[in-house]
Structure formats: structure tokens, C-alpha cells
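**Student:** My structure is in target.cif, and what it holds is mmCIF, C-alpha atoms and all ligand atoms:
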```cif
data_data
loop_
_atom_site.label_atom_id
_atom_site.label_comp_id
_atom_site.auth_asym_id
_atom_site.auth_seq_id
_atom_site.Cartn_x
_atom_site.Cartn_y
_atom_site.Cartn_z
CA MET P 197 -27.79 31.94 -8.65
CA SER P 198 -26.34 30.01 -5.76
CA CYS P 199 -23.80 27.75 -7.46
CA ILE P 200 -20.92 28.08 -9.89
CA LYS P 201 -20.77 25.26 -12.41
CA LYS P 202 -18.17 26.68 -14.79
CA LEU P 203 -16.55 29.95 -15.82
CA GLU P 204 -16.83 31.07 -19.42
CA THR P 205 -16.04 34.54 -20.63
CA ASN P 206 -14.98 36.49 -23.71
CA SER P 207 -12.59 38.62 -21.61
CA SER P 208 -9.36 39.23 -23.51
CA LYS P 209 -7.54 38.72 -20.17
CA LEU P 210 -8.77 35.17 -19.68
CA GLU P 211 -7.96 32.40 -22.13
CA PHE P 212 -9.57 29.01 -21.50
CA LEU P 213 -6.91 26.40 -20.65
CA HIS P 214 -8.40 23.29 -19.12
CA ARG P 215 -11.56 21.84 -17.61
CA GLY P 216 -11.10 19.13 -14.98
CA LYS P 217 -13.80 17.29 -13.09
CA VAL P 218 -14.12 20.11 -10.57
CA ARG P 219 -11.95 23.04 -11.60
CA ASP P 220 -11.65 25.26 -14.65
CA SER P 221 -8.25 26.77 -15.45
CA LEU P 222 -7.76 29.95 -17.45
CA GLN P 223 -4.61 31.62 -18.62
CA VAL P 224 -4.09 35.23 -17.58
CA ASP P 225 -0.62 35.60 -19.08
CA GLU P 226 2.38 33.39 -19.55
CA ASN P 227 3.26 33.56 -15.85
CA THR P 228 -0.20 33.53 -14.35
CA ARG P 229 -3.21 31.25 -14.28
CA LEU P 230 -6.64 31.56 -12.75
CA ILE P 231 -8.00 28.45 -11.05
CA VAL P 232 -11.77 28.42 -10.76
CA VAL P 233 -12.93 26.03 -8.06
CA THR P 234 -16.52 25.28 -9.04
CA ASP P 235 -19.29 23.57 -7.08
CA ARG P 236 -19.08 20.51 -9.31
CA ILE P 237 -18.75 17.14 -7.58
CA SER P 238 -17.80 13.74 -8.87
CA ALA P 239 -18.28 10.28 -7.39
CA PHE P 240 -17.39 6.84 -8.72
CA ASN P 241 -15.31 8.80 -11.22
CA LYS P 242 -18.55 10.13 -12.74
CA LYS P 243 -19.60 13.73 -13.07
CA ILE P 244 -22.68 14.46 -10.99
CA LYS P 245 -25.07 16.89 -12.64
CA THR P 246 -26.26 18.71 -9.53
CA PRO P 247 -23.69 21.09 -8.03
CA ILE P 248 -23.16 21.41 -4.27
CA PRO P 249 -23.60 24.96 -2.95
CA ASN P 250 -20.41 26.25 -1.31
CA LYS P 251 -18.32 23.18 -2.14
CA GLY P 252 -16.03 25.29 -4.33
CA ALA P 253 -15.55 27.95 -1.67
CA VAL P 254 -14.79 25.24 0.88
CA LEU P 255 -12.20 23.57 -1.33
CA ASN P 256 -10.55 26.78 -2.39
CA GLY P 257 -10.54 28.10 1.18
CA ILE P 258 -9.02 24.92 2.55
CA ALA P 259 -6.31 24.82 -0.13
CA ASN P 260 -5.47 28.45 0.52
CA PHE P 261 -5.30 27.80 4.25
CA TRP P 262 -2.84 24.95 3.81
CA PHE P 263 -0.65 26.71 1.27
CA GLU P 264 -0.34 29.55 3.77
CA GLN P 265 0.36 27.24 6.73
CA SER P 266 3.01 25.23 4.89
CA LYS P 267 4.93 27.89 3.03
CA HIS P 268 7.79 27.70 5.56
CA ILE P 269 8.28 24.09 4.45
CA ILE P 270 7.93 24.60 0.69
CA PRO P 271 6.99 27.61 -1.45
CA ASN P 272 3.79 27.30 -3.48
CA HIS P 273 2.00 28.76 -6.48
CA VAL P 274 -0.50 31.02 -4.72
CA ILE P 275 -0.53 34.67 -5.72
CA GLU P 276 -3.89 35.68 -4.32
CA MET P 277 -7.37 34.43 -3.64
CA ILE P 278 -9.35 37.02 -5.54
CA ASP P 279 -12.73 35.50 -4.65
CA PRO P 280 -13.84 32.58 -2.45
CA ASN P 281 -13.99 30.48 -5.65
CA LEU P 282 -11.06 31.94 -7.57
CA MET P 283 -7.35 31.57 -7.00
CA LEU P 284 -4.72 33.40 -8.97
CA VAL P 285 -1.53 31.32 -9.16
CA LYS P 286 1.93 31.37 -10.67
CA GLU P 287 2.24 29.27 -13.79
CA ALA P 288 4.85 26.59 -13.17
CA GLU P 289 6.36 23.88 -15.31
CA PRO P 290 4.30 20.97 -13.95
CA ILE P 291 6.05 17.73 -12.98
CA ARG P 292 4.01 14.91 -14.47
CA VAL P 293 3.85 12.86 -11.28
CA GLU P 294 1.11 12.58 -8.67
CA MET P 295 2.77 12.30 -5.28
CA VAL P 296 0.34 10.06 -3.44
CA VAL P 297 1.20 9.65 0.22
CA ARG P 298 -0.59 7.32 2.59
CA GLY P 299 -0.71 6.87 6.34
CA TYR P 300 -3.18 3.97 6.35
CA LEU P 301 -3.83 0.76 4.43
CA THR P 302 -7.11 1.59 2.67
CA GLY P 303 -8.78 2.23 -0.68
CA SER P 304 -7.16 0.86 -3.82
CA ILE P 305 -4.05 -0.23 -1.91
CA TRP P 306 -6.14 -2.28 0.51
CA ARG P 307 -7.92 -3.96 -2.40
CA GLY P 308 -4.55 -4.87 -3.92
CA TYR P 309 -3.21 -6.04 -0.58
CA GLU P 310 -6.22 -8.26 -0.02
CA ALA P 311 -5.54 -9.79 -3.44
CA GLY P 312 -1.99 -10.61 -2.39
CA GLU P 313 0.03 -7.63 -3.64
CA ARG P 314 2.73 -6.33 -1.32
CA GLU P 315 4.51 -3.79 -3.51
CA PHE P 316 2.88 -0.55 -4.64
CA SER P 317 4.83 1.90 -6.82
CA GLY P 318 8.01 0.38 -5.39
CA ALA P 319 6.87 0.75 -1.76
CA LEU P 320 6.79 -2.49 0.22
CA ILE P 321 4.02 -3.19 2.70
CA LEU P 322 4.41 -5.51 5.70
CA GLU P 323 2.74 -8.88 5.99
CA GLY P 324 -0.21 -9.40 8.31
CA MET P 325 -1.77 -5.95 8.12
CA SER P 326 -5.52 -5.41 8.29
CA LYS P 327 -7.94 -3.05 6.54
CA ASN P 328 -7.47 0.62 7.49
CA GLN P 329 -4.47 -0.14 9.70
CA LYS P 330 -1.94 2.64 10.20
CA PHE P 331 1.45 2.15 8.54
CA PRO P 332 4.51 2.31 10.84
CA THR P 333 5.55 5.32 8.74
CA PRO P 334 3.73 6.96 5.78
CA ILE P 335 4.45 5.52 2.34
CA ILE P 336 4.66 7.29 -1.02
CA THR P 337 2.95 5.55 -3.95
CA PRO P 338 3.47 7.85 -6.94
CA THR P 339 1.49 7.62 -10.16
CA THR P 340 1.96 9.13 -13.57
CA LYS P 341 -0.20 12.11 -14.50
CA ASP P 342 -1.88 10.89 -17.64
CA GLU P 343 -5.27 9.47 -18.59
CA ASP P 344 -5.14 6.47 -16.31
CA ASP P 345 -2.70 7.63 -13.58
CA SER P 346 -0.76 4.37 -13.47
CA PRO P 347 1.61 3.47 -10.62
CA ILE P 348 5.26 4.28 -11.22
CA THR P 349 8.31 3.56 -9.08
CA PRO P 350 10.80 6.26 -8.03
CA GLU P 351 13.40 4.45 -10.12
CA GLU P 352 11.22 4.68 -13.25
CA ILE P 353 10.40 8.32 -12.54
CA VAL P 354 14.08 9.22 -12.66
CA LYS P 355 15.00 6.77 -15.41
CA THR P 356 12.31 8.02 -17.77
CA GLY P 357 13.43 11.58 -17.12
CA LEU P 358 10.20 12.85 -15.56
CA VAL P 359 12.50 14.56 -13.04
CA SER P 360 16.17 14.43 -12.10
CA ALA P 361 17.32 12.29 -9.17
CA GLU P 362 18.07 15.46 -7.26
CA ILE P 363 14.58 16.92 -7.73
CA TRP P 364 13.03 13.53 -6.91
CA GLU P 365 14.87 13.47 -3.58
CA GLN P 366 13.48 16.90 -2.77
CA MET P 367 9.95 15.91 -3.78
CA GLN P 368 10.10 12.85 -1.57
CA ALA P 369 11.43 14.71 1.45
CA LYS P 370 8.96 17.59 1.09
CA THR P 371 6.04 15.21 0.58
CA LEU P 372 6.74 13.45 3.87
CA GLU P 373 7.38 16.72 5.67
CA ILE P 374 4.09 18.35 4.62
CA PHE P 375 2.13 15.13 5.13
CA ASN P 376 3.43 14.81 8.68
CA PHE P 377 2.79 18.48 9.30
CA GLY P 378 -0.81 18.19 8.05
CA SER P 379 -1.43 14.94 9.92
CA GLU P 380 -0.28 16.35 13.24
CA TYR P 381 -2.23 19.55 12.77
CA LEU P 382 -5.45 17.74 11.87
CA ALA P 383 -5.07 15.13 14.62
CA GLU P 384 -5.52 17.94 17.12
CA LYS P 385 -8.79 18.86 15.40
CA GLY P 386 -10.10 15.31 15.60
CA ILE P 387 -9.43 14.52 11.93
CA ILE P 388 -7.23 11.79 10.50
CA LEU P 389 -5.43 12.73 7.29
CA VAL P 390 -5.55 9.23 5.82
CA ASP P 391 -3.90 9.92 2.50
CA THR P 392 -3.47 12.73 0.03
CA LYS P 393 -1.88 13.73 -3.24
CA TYR P 394 0.51 16.56 -4.02
CA GLU P 395 1.61 18.01 -7.32
CA PHE P 396 4.88 19.84 -7.75
CA GLY P 397 6.18 22.19 -10.38
CA LEU P 398 9.34 24.04 -11.23
CA LEU P 399 9.50 27.80 -11.19
CA ASP P 400 12.82 29.32 -12.24
CA GLY P 401 14.39 25.95 -11.47
CA GLN P 402 12.98 25.90 -7.94
CA LEU P 403 10.63 23.19 -6.66
CA ILE P 404 7.23 24.54 -5.62
CA LEU P 405 3.88 23.05 -4.65
CA ILE P 406 1.09 23.56 -7.21
CA ASP P 407 -2.50 22.42 -7.78
CA GLU P 408 -4.44 21.99 -4.51
CA MET P 409 -3.47 21.00 -0.99
CA HIS P 410 -5.13 18.85 1.69
CA THR P 411 -8.61 19.40 0.27
CA PRO P 412 -11.36 16.78 0.52
CA ASP P 413 -11.01 16.23 -3.26
CA SER P 414 -7.30 15.42 -3.05
CA SER P 415 -7.34 13.71 0.36
CA ARG P 416 -9.17 11.18 2.45
CA PHE P 417 -10.30 12.41 5.87
CA TRP P 418 -11.71 10.24 8.65
CA ARG P 419 -13.19 11.41 11.93
CA LYS P 420 -10.82 10.28 14.66
CA SER P 421 -13.81 9.32 16.82
CA ASP P 422 -15.19 7.02 14.06
CA TYR P 423 -11.80 5.37 13.62
CA GLU P 424 -11.36 4.80 17.32
CA LYS P 425 -14.79 3.20 17.57
CA ASN P 426 -14.11 0.79 14.72
CA PRO P 427 -11.10 1.22 12.42
CA THR P 428 -12.49 -1.00 9.68
CA THR P 429 -15.68 1.00 9.17
CA ALA P 430 -14.22 4.52 9.21
CA GLU P 431 -15.51 6.44 6.19
CA GLN P 432 -14.60 9.56 4.29
CA ILE P 433 -16.35 12.50 5.94
CA ASP P 434 -17.34 14.26 2.74
CA LYS P 435 -18.20 11.82 -0.02
CA GLU P 436 -19.05 8.47 1.49
CA PHE P 437 -22.50 9.79 2.29
CA VAL P 438 -23.12 10.74 -1.36
CA ARG P 439 -21.75 7.42 -2.60
CA GLN P 440 -23.97 5.41 -0.26
CA TRP P 441 -27.04 7.36 -1.35
CA MET P 442 -26.19 6.80 -5.01
CA LEU P 443 -25.74 3.07 -4.48
CA ALA P 444 -29.04 2.85 -2.61
CA ASN P 445 -30.89 4.78 -5.33
CA LYS P 446 -29.78 3.12 -8.54
CA ILE P 447 -31.99 3.50 -11.58
CA ASP P 448 -31.97 0.51 -13.95
CA GLY P 449 -28.80 -0.67 -12.27
CA GLU P 450 -27.00 2.67 -12.78
CA VAL P 451 -26.13 5.15 -10.05
CA PRO P 452 -28.15 8.37 -10.41
CA LEU P 453 -26.26 11.49 -11.50
CA ILE P 454 -28.85 13.86 -10.09
CA LEU P 455 -28.84 14.20 -6.32
CA ALA P 456 -31.98 14.70 -4.23
CA PRO P 457 -32.34 18.13 -2.55
CA GLU P 458 -31.83 16.71 0.93
CA VAL P 459 -28.64 14.96 -0.21
CA ILE P 460 -27.33 18.20 -1.67
CA GLU P 461 -28.10 20.02 1.56
CA GLU P 462 -26.44 17.40 3.75
CA THR P 463 -23.39 17.38 1.48
CA THR P 464 -23.05 21.17 1.74
CA ASN P 465 -23.28 20.82 5.52
CA ARG P 466 -20.53 18.23 5.54
CA TYR P 467 -18.19 20.36 3.44
CA GLU P 468 -18.85 23.39 5.63
CA GLU P 469 -18.21 21.26 8.71
CA ILE P 470 -14.86 20.14 7.30
CA TYR P 471 -13.97 23.76 6.52
CA GLU P 472 -14.70 24.76 10.08
CA MET P 473 -12.85 21.80 11.58
CA VAL P 474 -9.76 22.47 9.46
CA THR P 475 -9.52 26.26 9.56
CA GLY P 476 -11.14 26.90 12.93
CA SER P 477 -13.51 29.49 11.45
CA LYS P 478 -16.97 29.34 9.96
CA LEU P 479 -17.25 29.59 6.19
CA ASP P 480 -18.75 33.00 5.70
CA VAL P 481 -19.68 32.99 2.04
CA PRO P 482 -23.21 34.09 1.16
CA VAL P 483 -24.36 32.19 -1.92
CA ALA P 484 -27.29 34.42 -2.86
CA ASP P 485 -25.35 36.91 -5.00
CA LEU P 486 -22.54 34.60 -6.06
CA GLY P 487 -22.66 35.62 -9.74
CA GLU P 488 -22.49 39.34 -9.04
CA ARG P 489 -19.75 38.83 -6.45
CA ILE P 490 -17.56 36.90 -8.89
CA ARG P 491 -18.13 39.51 -11.60
CA GLN P 492 -17.12 42.32 -9.23
CA ASN P 493 -14.04 40.49 -7.99
CA LEU P 494 -12.86 39.70 -11.52
CA LYS P 495 -13.32 43.35 -12.43
CA LYS P 496 -11.44 44.51 -9.35
CA SER P 497 -8.52 42.29 -10.36
CA GLY P 498 -8.56 43.72 -13.87
CA LEU P 499 -9.53 40.39 -15.43
CA LEU P 500 -12.95 41.41 -16.70
CA ALA P 501 -14.10 44.57 -18.45
CA GLU P 502 -17.52 46.20 -18.09
CA ASN P 503 -18.99 44.69 -21.25
CA ASP P 504 -17.32 41.27 -21.14
CA SER P 505 -19.56 38.24 -20.96
CA LEU P 506 -19.47 35.94 -17.95
CA GLU P 507 -21.25 32.62 -17.76
CA LEU P 508 -21.19 30.62 -14.53
CA ALA P 509 -24.12 28.22 -14.78
N1 LIG Z 601 0.55 26.53 -10.82
C1 LIG Z 601 0.36 25.64 -11.79
N2 LIG Z 601 1.11 25.69 -12.92
C2 LIG Z 601 0.92 24.82 -13.93
N3 LIG Z 601 0.01 23.84 -13.91
C3 LIG Z 601 -0.78 23.73 -12.81
C4 LIG Z 601 -0.66 24.63 -11.71
N4 LIG Z 601 -1.55 24.27 -10.76
C5 LIG Z 601 -2.22 23.21 -11.27
N5 LIG Z 601 -1.76 22.88 -12.48
C6 LIG Z 601 -2.22 21.79 -13.36
O1 LIG Z 601 -3.52 22.11 -13.76
C7 LIG Z 601 -4.27 20.94 -13.94
C8 LIG Z 601 -5.53 21.09 -13.14
O2 LIG Z 601 -6.37 20.17 -13.57
P1 LIG Z 601 -7.58 19.69 -12.72
O3 LIG Z 601 -7.12 19.10 -11.43
O4 LIG Z 601 -8.59 20.78 -12.68
O5 LIG Z 601 -8.14 18.55 -13.64
P2 LIG Z 601 -7.45 17.18 -14.02
O6 LIG Z 601 -6.26 16.94 -13.13
O7 LIG Z 601 -7.24 17.17 -15.48
O8 LIG Z 601 -8.57 16.16 -13.70
P3 LIG Z 601 -9.26 15.88 -12.29
O9 LIG Z 601 -10.46 16.72 -12.30
O10 LIG Z 601 -9.53 14.44 -12.33
O11 LIG Z 601 -8.29 16.29 -11.21
C9 LIG Z 601 -3.42 19.78 -13.47
O12 LIG Z 601 -2.86 19.15 -14.59
C10 LIG Z 601 -2.32 20.46 -12.66
O13 LIG Z 601 -1.11 19.78 -12.74
MG MG Z 602 -6.36 17.15 -10.91
#
```
Translate the structure of the given file into C-alpha cells.
Ligand SMILES: Nc1ncnc2c1ncn2[C@@H]1O[C@H](COP(=O)(O)OP(=O)(O)OP(=O)(O)O)[C@@H](O)[C@H]1O
Ligand SMILES: [Mg+2]

**Tutor:**
Amino acid sequence: MSCIKKLETNSSKLEFLHRGKVRDSLQVDENTRLIVVTDRISAFNKKIKTPIPNKGAVLNGIANFWFEQSKHIIPNHVIEMIDPNLMLVKEAEPIRVEMVVRGYLTGSIWRGYEAGEREFSGALILEGMSKNQKFPTPIITPTTKDEDDSPITPEEIVKTGLVSAEIWEQMQAKTLEIFNFGSEYLAEKGIILVDTKYEFGLLDGQLILIDEMHTPDSSRFWRKSDYEKNPTTAEQIDKEFVRQWMLANKIDGEVPLILAPEVIEETTNRYEEIYEMVTGSKLDVPVADLGERIRQNLKKSGLLAENDSLELA
């Protein structure tokens, strides 16, 4: 087996909690959760059926890298990466807000801007800007964390009691601090951190960073060289390639949910390239014995017993 598509087990130490588009979450105990970063990929908000070898290891490795690099700015949920695809984290009381922060006018905000909107989640955008233009300073456009992630203003966040004014102030300040930190760091590696999303939680009353951090799934990355050549055509390094292929290969007007082998291979290459650009080291994760490796690492951490079942495909 060379991919992990899910993690299912009858281990008494691992209770299923949640399945997202890409990650599975399991409860270890009331203070601890296991995040399984699978090789699943989604595009156009659809689940693609073919997994991407090493995507999970890339995402988990990048998140771990950033949590480590930024812990002097804000503490985070990481306890330990027990396997390239598995992260053990502290269970926090999640704050039901997605802290979206943007350095450039692109994506959904650009579409709204083109249609005449100038205010996004309470943030005002200048007149006369063009597609993919850099903002004078990054803006925060929070959304709720529910089915449709709708925009919400800071005022509403506090008024509806999602968090106190004091915690909101901290979230805002930390968001800008880590976004600037990440942007500067990546600029030196030739990558533009276009926008990203953070999630925060409370642990013993203290604000911490949870979920994932500066991964390709939670962020938009452009190659600086692409942007400098032509700002309006800069594309996301990881997924734009998959999206274009899907659009060019529609079946009966629908995008295909099974990727061709060469598309899978190229996508793996792109994720591994991002990993190397971000962390400065090559991703050294052999995929051949992935199932056995995960089994051994779960056992080593005391989360799986000899006779427990483990299903990854
Ligand atoms: N340390 C933590 N403590 C508590 N909750 C956490 C922690 N880390 C992450 N979470 C929560 O776990 C959930 C992870 O879900 P996940 O991102 O896998 O799927 P999703 O958000 O439901 O959907 P999508 O796949 O579209 O992101 C999120 O709701 C996140 O807030
Ligand atoms: Mg999520």
C-alpha cells in the first residue's frame, strides 16, 4: 500500500471523532486527539477518489514545521508527530471562527470586488485595485465555522459571544504577527504566502493555535517568479494544475473525480517540491511500507494493541 485514505480501528485507545475532507480525527482521551492527515485531495469542493501519494506526509510535515517555527509567537496544540501522517495534539476548546488573512486581492474576494463589493467581513478595500494586487497591509476576513463558512465581522463575533472582546484582540494581533512572520520567511524561499486561515482554541483559558498551519490546504502559495512575470496569471502551486486538468477532461459536463496516473504523479511532485521549498529539506518518507509503518508507530505510542484492527485504504 502506498497511500493512506482513512484510519479505522477497533483500538480501545482511539475513538472516532470526525472525518473532514482530508483529515480524520480520533479521540485518545479527554485532553488528547490524534489527527490523521490522509492522502485525500479535494478540488472544486469535491472529494477526488484517487489519493495522492505523500500528500498527507507533506501537509503534516509542513504544519509541524510551522508550529515549531512560530511557537515563540503563540503556543500551539502539537504534542508530537508520531508518524509522518499522524499528529498527536492537545484537545482545546475550539473557537468557532476561521481567521482568514489575506495579503493579496484574489480568489473569492476578487470576484466580489469585481462585482462592486468593497467591504468583506468588515474589512474595507481601496478603490482602483486590480486582480492579484498586494494590499498595503494584510487584511483579516473572518468567517464562521459552520456548514457554509459565512463572512462575519469582528463586531458580530464579539456581539454574538463567539469570543470575548479581549480574546478577539489577541486573535487579531496574533493572526497578523504569524502571517507576517510566514510571509517574510517564505519570501526568502521564493514563495508568496498569498492568504491563509488559522484556527484558535482555548486551553486552560489561554489562547493557542490549533488545526493546521501554513499548509497548501489552508493557504494559497504563488511562486514569486510567476507573480513577477505576470501578477494576474499567478496560480496556486499545488492545486491549480489538478483543477485545470479536471476542467479540460470533463465527462458529460462534469469534472472527473478520478485522476489519471500522470496527474497523480505530477501532483505528488508538486507537493514534495513545496515541502522542500518550505522546510529546506527533502521529504524522506518511503511509501512502500506505509501501512506497516503506521501500525508500528501507533503501537510504539501505545495507541494500538497487537490484535487491534487497522484499516487505512
Ligand atoms: N487541538 C484541537 N482541539 C480541538 N479541536 C481541534 C483541534 N485541532 C483541530 N480541531 C478541529 O478539528 C476539526 C478538523 O476538521 P477538518 O479540518 O479535518 O475537517 P472540517 O474542518 O470539518 O472540514 P474540511 O475538510 O473542509 O476542513 C476542525 O473543526 C478543527 O477546528
Ligand atoms: Mg478544516

**Student:** Kindly compile the residues surrounding ligand LIG 601 (chain Z) within 6 Å, counting only C-alpha atoms and all ligand atoms, and format them as an MDAnalysis selection string.

**Tutor:** chainID P and resid 215:220 273 285:290 406:407

**Student:** Please identify all polymer residues within 10 Å of Val254 of chain P, counting only C-alpha atoms, omitting same-chain residues fewer than 6 positions from it, and present them as a ChimeraX atom specification.

**Tutor:** /P:233,235,260,280-281,411-412,464,467-472,479-481

**Student:** Using C-alpha atoms, can you export the residues from the last selection as a short mmCIF file (atom, residue, chain, number, x, y, z; two decimals), in the frame of the given file?

**Tutor:**
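Final output, saved to again_23.cif:
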```
data_model
loop_
_atom_site.label_atom_id
_atom_site.label_comp_id
_atom_site.auth_asym_id
_atom_site.auth_seq_id
_atom_site.Cartn_x
_atom_site.Cartn_y
_atom_site.Cartn_z
CA VAL P 233 -12.93 26.03 -8.06
CA ASP P 235 -19.29 23.57 -7.08
CA ASN P 260 -5.47 28.45 0.52
CA PRO P 280 -13.84 32.58 -2.45
CA ASN P 281 -13.99 30.48 -5.65
CA THR P 411 -8.61 19.40 0.27
CA PRO P 412 -11.36 16.78 0.52
CA THR P 464 -23.05 21.17 1.74
CA TYR P 467 -18.19 20.36 3.44
CA GLU P 468 -18.85 23.39 5.63
CA GLU P 469 -18.21 21.26 8.71
CA ILE P 470 -14.86 20.14 7.30
CA TYR P 471 -13.97 23.76 6.52
CA GLU P 472 -14.70 24.76 10.08
CA LEU P 479 -17.25 29.59 6.19
CA ASP P 480 -18.75 33.00 5.70
CA VAL P 481 -19.68 32.99 2.04
#
```

**Student:** Listed atoms of segment 447-453 of chain P, axis-aligned box, 3 Å per side: centre and edge lengths to one decimal in Å, as AutoDock Vina command-line options?

**Tutor:**
```
--center_x -29.1 --center_y 5.4 --center_z -12.0 --size_x 11.9 --size_y 18.2 --size_z 9.9
```

**Student:** Using only C-alpha atoms, which residue out of P:Phe331, P:Asp485, P:Gln492, P:Thr228 lies closest to Thr302 of chain P?

**Tutor:** P:Phe331

**Student:** Calculated over all atoms listed in the file, which of the candidates P:Gly401, P:Gly257, P:Gly312, P:Gly357 has the smallest distance to Gly476 of chain P?

**Tutor:**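 Ranked by minimum distance to Gly476 of chain P, first place goes to P:Gly257.
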
**Student:** I need the residue nearest Ile490 of chain P from this list: P:Asp279, P:Glu462, P:Glu264, P:Glu294. Use all atoms listed in the file for the distance.

**Tutor:**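 Smallest separation from Ile490 of chain P among the options: P:Asp279.
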
**Student:** Excluding Leu500 of chain P and residues on its chain fewer than 2 positions from it, collect all residues at most 9 Å away from it, counting only C-alpha atoms, and give them as a list in words.

**Tutor:**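 Skipping anything fewer than 2 positions along the chain leaves Thr205, Asn206, Ser207, Ser208, Lys209, Leu210, Arg491, Gln492, Asn493, Leu494, Lys495, Lys496, Ser497, Gly498, Glu502, Asn503, Asp504, Ser505 and Leu506 of chain P.
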
**Student:** Just write the chosen residues, C-alpha atoms, as a compact mmCIF listing (two decimals), keeping the file's coordinate frame.

**Tutor:**
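Final file, part.txt:
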```txt
# COMPACT_ATOMS: atom_id res chain seq x y z
CA THR P 205 -16.04 34.54 -20.63
CA ASN P 206 -14.98 36.49 -23.71
CA SER P 207 -12.59 38.62 -21.61
CA SER P 208 -9.36 39.23 -23.51
CA LYS P 209 -7.54 38.72 -20.17
CA LEU P 210 -8.77 35.17 -19.68
CA ARG P 491 -18.13 39.51 -11.60
CA GLN P 492 -17.12 42.32 -9.23
CA ASN P 493 -14.04 40.49 -7.99
CA LEU P 494 -12.86 39.70 -11.52
CA LYS P 495 -13.32 43.35 -12.43
CA LYS P 496 -11.44 44.51 -9.35
CA SER P 497 -8.52 42.29 -10.36
CA GLY P 498 -8.56 43.72 -13.87
CA GLU P 502 -17.52 46.20 -18.09
CA ASN P 503 -18.99 44.69 -21.25
CA ASP P 504 -17.32 41.27 -21.14
CA SER P 505 -19.56 38.24 -20.96
CA LEU P 506 -19.47 35.94 -17.95
```

**Student:** With all atoms listed in the file as the atoms that count, which of P:Met409, P:Ile348, P:Val359, P:Leu222 lies nearest to ligand MG 602 (chain Z)?

**Tutor:**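 Among the listed residues, the smallest separation from ligand MG 602 (chain Z) belongs to P:Met409.
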
**Student:** When distances are computed from only C-alpha atoms and all ligand atoms, which of P:Lys370, P:Arg292, P:Arg314, P:Arg298 shows the smallest separation from ligand MG 602 (chain Z)?

**Tutor:**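 The answer is P:Arg292, which sits nearest to ligand MG 602 (chain Z).
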
**Student:** Skipping near chain neighbours, those fewer than 5 positions away, what residues fall within 10 Å of Leu455 of chain P using all atoms listed in the file, listed as a ChimeraX atom specification?

**Tutor:** /P:244-248,438,441-442,445,460-461

**Student:** What's the separation between atom CA of Trp306 of chain P and atom CA of Met325 of chain P, in Å to one decimal place?

**Tutor:**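 A separation of 9.5 Å between them.
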
**Student:** Could you check how far atom CA of Ser346 of chain P sits from atom CA of Gln402 of chain P, in Å to one decimal?

**Tutor:** 26.1 Å

**Student:** Just give me the gap between atom CA of Gln368 of chain P and atom CA of Asp345 of chain P in Å, one decimal is fine.

**Tutor:**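 So the answer is 18.3 Å.
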
**Student:** Find the residues around Phe375 of chain P up to 9 Å (only C-alpha atoms counted), leave out those fewer than 4 positions away in its own chain, and share them as a ChimeraX atom specification.

**Tutor:** /P:297-299,334,370-371,379-380,389,391-392,410

**Student:** Point out the residue among P:Lys327, P:Arg489, P:Lys267, P:Arg416 with the least atom-to-atom distance to Val296 of chain P, counting all atoms listed in the file.

**Tutor:** P:Arg416

**Student:** Would you list the residues near (4.8, -1.1, -10.1) (no more than 7 Å away, in the coordinates of the file, using all atoms listed in the file) as a PyMOL selection string?

**Tutor:** chain P and resi 316-318+347-349

**Student:** For Asn328 of chain P, work out the shell of residues within 7 Å, counting all atoms listed in the file and skipping chain neighbours fewer than 6 positions away, then give it as a PyMOL selection string.

**Tutor:** chain P and resi 300-302+427-428

**Student:** Given the point (-13.8, 11.4, 14.6) in the coordinates of this file, which residues lie within 8 Å, counting all atoms listed in the file, and how would they look as a short mmCIF file (atom, residue, chain, number, x, y, z; two decimals) with C-alpha atoms, in the coordinates of the input?

**Tutor:**
```cif
data_model
loop_
_atom_site.label_atom_id
_atom_site.label_comp_id
_atom_site.auth_asym_id
_atom_site.auth_seq_id
_atom_site.Cartn_x
_atom_site.Cartn_y
_atom_site.Cartn_z
CA GLY P 386 -10.10 15.31 15.60
CA ILE P 387 -9.43 14.52 11.93
CA ILE P 388 -7.23 11.79 10.50
CA TRP P 418 -11.71 10.24 8.65
CA ARG P 419 -13.19 11.41 11.93
CA LYS P 420 -10.82 10.28 14.66
CA SER P 421 -13.81 9.32 16.82
CA ASP P 422 -15.19 7.02 14.06
CA TYR P 423 -11.80 5.37 13.62
CA GLU P 424 -11.36 4.80 17.32
#
```
